[in-house]
Amino acid sequence: MRKPLVAGNWKMNMTRATGQALVAELSGLPAAVEVVVCPPFTLLAEIAAHCPAGVSTGGQDCFWVPNGAFTGQISAEMLDDAGARYGIVGHSETRGRFGKLDIDAGDVGYFAETNTTVRRKMEALMRVGLVPILCVGETLAEREAGRTEDVIREQLEGAFQGFTEGDMAKTVVAYEPVWAIGTGQTCAADEANRVCAFIRQWFPAGVQNQVRVLYGGSVKAENAAELFGQSDIDGGLVGGASLDAAGFRRIVEAAAP
Ligand code: PGA
């Protein structure tokens, strides 16, 4: 049986004071749900040290080399040292698009991440025993062009190239349609479930029942129960709604079996 997982992605939000106050309000969440908060790097060690029982922490990104002359980067080893147990990889805000990033034209990825660098980051996290939360998902233009499955297949093939089945089974995949992130436009639950099932079925048979597949994109207290009630959705990756303790608690409760 897969344990439901709800991860809060704080993105570039919170201070030491507001972050600590938020996690202080997260005690007593249902033990049947694994709960993760992913603060900015500067807060990670402090939040990891102050998380109530049952809540663990994750990084929002990492670099794949353990240490060295890489200004501005944070390695998987550093996430581990700060107390993280998870790491988000391949978020649409860190991916780029085909090397033609144009922020002024409204491109969504800011850090030109490719399927190859995503795989290196996945490997780096696994090397230190952290659990990758791999984000995949299509843009609106890709969906309208009927390319949703093709895009996701490419993202999965790139991220898991060379992985053993045993390692695949330890990871978490989040289906995050780019058009649903931060827009308030949640993907309909049955459609989210259909794509999550597609993701699950991409894996070898022995992995399918073990890998956890989450949905992310405008998850909130009001729609969480319907999304998490779907057969192939094992929980959620929550952005904006994870910044409010009461709302995040309701989302976690909605994931309890
Ligand atoms: P959102 O973000 O919940 O604010 O849409 C989700 C995410 O980017 O992980």
# chains A, B, ... in the order shown; residues from 1 in each chain; ligands from 1
call {"tool": "residues_around", "arguments": {"residues": "Arg127 of chain A", "least_positions_apart": "3", "cutoff": "10 Å", "atoms": "only C-alpha atoms", "output": "PDB file with all heavy atoms, in the first residue's frame"}}
result
ATOM      1  N   TRP A  64      24.334  19.047  -9.126  1.00  0.00           N
ATOM      2  CA  TRP A  64      24.654  17.620  -9.095  1.00  0.00           C
ATOM      3  C   TRP A  64      26.072  17.305  -8.639  1.00  0.00           C
ATOM      4  O   TRP A  64      26.393  16.161  -8.385  1.00  0.00           O
ATOM      5  CB  TRP A  64      24.379  16.977 -10.451  1.00  0.00           C
ATOM      6  CG  TRP A  64      25.058  17.662 -11.609  1.00  0.00           C
ATOM      7  CD1 TRP A  64      26.324  17.432 -12.066  1.00  0.00           C
ATOM      8  CD2 TRP A  64      24.495  18.677 -12.453  1.00  0.00           C
ATOM      9  NE1 TRP A  64      26.591  18.240 -13.138  1.00  0.00           N
ATOM     10  CE2 TRP A  64      25.485  19.015 -13.404  1.00  0.00           C
ATOM     11  CE3 TRP A  64      23.266  19.326 -12.508  1.00  0.00           C
ATOM     12  CZ2 TRP A  64      25.273  19.981 -14.381  1.00  0.00           C
ATOM     13  CZ3 TRP A  64      23.062  20.285 -13.479  1.00  0.00           C
ATOM     14  CH2 TRP A  64      24.045  20.592 -14.401  1.00  0.00           C
ATOM     15  N   PRO A  66      29.063  17.427  -5.846  1.00  0.00           N
ATOM     16  CA  PRO A  66      29.014  17.517  -4.372  1.00  0.00           C
ATOM     17  C   PRO A  66      29.501  18.852  -3.815  1.00  0.00           C
ATOM     18  O   PRO A  66      28.944  19.375  -2.859  1.00  0.00           O
ATOM     19  CB  PRO A  66      29.920  16.381  -3.902  1.00  0.00           C
ATOM     20  CG  PRO A  66      30.021  15.445  -5.054  1.00  0.00           C
ATOM     21  CD  PRO A  66      29.824  16.255  -6.305  1.00  0.00           C
ATOM     22  N   ALA A  76      23.305  18.292  -3.390  1.00  0.00           N
ATOM     23  CA  ALA A  76      22.461  17.335  -2.665  1.00  0.00           C
ATOM     24  C   ALA A  76      23.073  17.041  -1.293  1.00  0.00           C
ATOM     25  O   ALA A  76      22.359  16.871  -0.302  1.00  0.00           O
ATOM     26  CB  ALA A  76      22.317  16.058  -3.482  1.00  0.00           C
ATOM     27  N   GLU A  77      24.411  16.988  -1.243  1.00  0.00           N
ATOM     28  CA  GLU A  77      25.094  16.734   0.034  1.00  0.00           C
ATOM     29  C   GLU A  77      24.762  17.835   1.040  1.00  0.00           C
ATOM     30  O   GLU A  77      24.617  17.582   2.238  1.00  0.00           O
ATOM     31  CB  GLU A  77      26.614  16.672  -0.191  1.00  0.00           C
ATOM     32  CG  GLU A  77      27.133  15.360  -0.769  1.00  0.00           C
ATOM     33  CD  GLU A  77      26.837  15.155  -2.258  1.00  0.00           C
ATOM     34  OE1 GLU A  77      26.244  16.042  -2.920  1.00  0.00           O
ATOM     35  OE2 GLU A  77      27.199  14.069  -2.768  1.00  0.00           O
ATOM     36  N   LYS A 121      20.560  15.674 -11.358  1.00  0.00           N
ATOM     37  CA  LYS A 121      20.100  16.081 -10.024  1.00  0.00           C
ATOM     38  C   LYS A 121      19.413  14.916  -9.312  1.00  0.00           C
ATOM     39  O   LYS A 121      19.582  14.730  -8.101  1.00  0.00           O
ATOM     40  CB  LYS A 121      19.154  17.275 -10.147  1.00  0.00           C
ATOM     41  CG  LYS A 121      19.861  18.537 -10.641  1.00  0.00           C
ATOM     42  CD  LYS A 121      18.891  19.686 -10.862  1.00  0.00           C
ATOM     43  CE  LYS A 121      19.640  20.919 -11.381  1.00  0.00           C
ATOM     44  NZ  LYS A 121      18.772  22.102 -11.459  1.00  0.00           N
ATOM     45  N   MET A 122      18.635  14.139 -10.077  1.00  0.00           N
ATOM     46  CA  MET A 122      17.999  12.935  -9.500  1.00  0.00           C
ATOM     47  C   MET A 122      19.072  12.001  -8.948  1.00  0.00           C
ATOM     48  O   MET A 122      18.961  11.503  -7.829  1.00  0.00           O
ATOM     49  CB  MET A 122      17.232  12.171 -10.579  1.00  0.00           C
ATOM     50  CG  MET A 122      16.138  12.913 -11.277  1.00  0.00           C
ATOM     51  SD  MET A 122      14.555  12.759 -10.469  1.00  0.00           S
ATOM     52  CE  MET A 122      14.204  11.017 -10.673  1.00  0.00           C
ATOM     53  N   GLU A 123      20.119  11.775  -9.752  1.00  0.00           N
ATOM     54  CA  GLU A 123      21.195  10.869  -9.327  1.00  0.00           C
ATOM     55  C   GLU A 123      21.901  11.408  -8.086  1.00  0.00           C
ATOM     56  O   GLU A 123      22.267  10.655  -7.188  1.00  0.00           O
ATOM     57  CB  GLU A 123      22.218  10.700 -10.464  1.00  0.00           C
ATOM     58  CG  GLU A 123      21.686   9.893 -11.623  1.00  0.00           C
ATOM     59  CD  GLU A 123      22.558   9.990 -12.880  1.00  0.00           C
ATOM     60  OE1 GLU A 123      23.520  10.806 -12.904  1.00  0.00           O
ATOM     61  OE2 GLU A 123      22.259   9.278 -13.841  1.00  0.00           O
ATOM     62  N   ALA A 124      22.097  12.738  -8.060  1.00  0.00           N
ATOM     63  CA  ALA A 124      22.788  13.341  -6.916  1.00  0.00           C
ATOM     64  C   ALA A 124      21.978  13.130  -5.638  1.00  0.00           C
ATOM     65  O   ALA A 124      22.530  12.789  -4.586  1.00  0.00           O
ATOM     66  CB  ALA A 124      23.010  14.833  -7.176  1.00  0.00           C
ATOM     67  N   LEU A 130      18.523  10.962  -0.462  1.00  0.00           N
ATOM     68  CA  LEU A 130      17.332  11.804  -0.420  1.00  0.00           C
ATOM     69  C   LEU A 130      16.333  11.311  -1.477  1.00  0.00           C
ATOM     70  O   LEU A 130      16.728  10.722  -2.483  1.00  0.00           O
ATOM     71  CB  LEU A 130      17.671  13.276  -0.693  1.00  0.00           C
ATOM     72  CG  LEU A 130      18.630  13.955   0.273  1.00  0.00           C
ATOM     73  CD1 LEU A 130      18.620  15.468   0.040  1.00  0.00           C
ATOM     74  CD2 LEU A 130      18.276  13.673   1.717  1.00  0.00           C
ATOM     75  N   VAL A 131      15.071  11.571  -1.241  1.00  0.00           N
ATOM     76  CA  VAL A 131      14.031  11.119  -2.169  1.00  0.00           C
ATOM     77  C   VAL A 131      13.726  12.228  -3.157  1.00  0.00           C
ATOM     78  O   VAL A 131      13.268  13.313  -2.764  1.00  0.00           O
ATOM     79  CB  VAL A 131      12.734  10.761  -1.397  1.00  0.00           C
ATOM     80  CG1 VAL A 131      11.625  10.341  -2.365  1.00  0.00           C
ATOM     81  CG2 VAL A 131      13.007   9.662  -0.381  1.00  0.00           C
TER      82      VAL A 131
END
call {"tool": "residues_around", "arguments": {"residues": "Pro177 of chain A", "least_positions_apart": "2", "cutoff": "7 Å", "atoms": "only C-alpha atoms", "output": "ChimeraX atom specification"}}
result
/A:137-139,175,179-181,217
call {"tool": "residues_near_ligand", "arguments": {"ligand": "ligand 1", "cutoff": "10 Å", "atoms": "only C-alpha atoms and all ligand atoms", "output": "VMD selection string"}}
result
chain A and resid 7 to 11 60 88 91 to 93 135 174 to 186 215 to 220 236 to 243
call {"tool": "atom_distance", "arguments": {"atom1": "atom CA of Met1 of chain A", "atom2": "atom CA of Gln210 of chain A"}}
result
7.8 Å
call {"tool": "select_by_dssp", "arguments": {"residues": "segment 71-149 of chain A", "states": "alpha helix (DSSP H)", "output": "number ranges by chain"}}
result
A: 76-82, 115-127, 140-144, 148-149
call {"tool": "closest_residue", "arguments": {"among": "A:Thr171, A:Asn223, A:Gln161, A:Ser56", "to": "Ala188 of chain A", "atoms": "only C-alpha atoms"}}
result
A:Asn223
call {"tool": "residues_around", "arguments": {"residues": "Ile199 of chain A", "least_positions_apart": "6", "cutoff": "9 Å", "atoms": "only C-alpha atoms", "output": "VMD selection string"}}
result
chain A and resid 149 152 to 153 156 173 175 213
call {"tool": "atom_distance", "arguments": {"atom1": "atom CA of Pro257 of chain A", "atom2": "atom CA of Gly87 of chain A"}}
result
24.7 Å
call {"tool": "select_by_dssp", "arguments": {"residues": "segment 141-196 of chain A", "states": "strand (DSSP E)", "output": "number ranges by chain"}}
result
A: 172-175
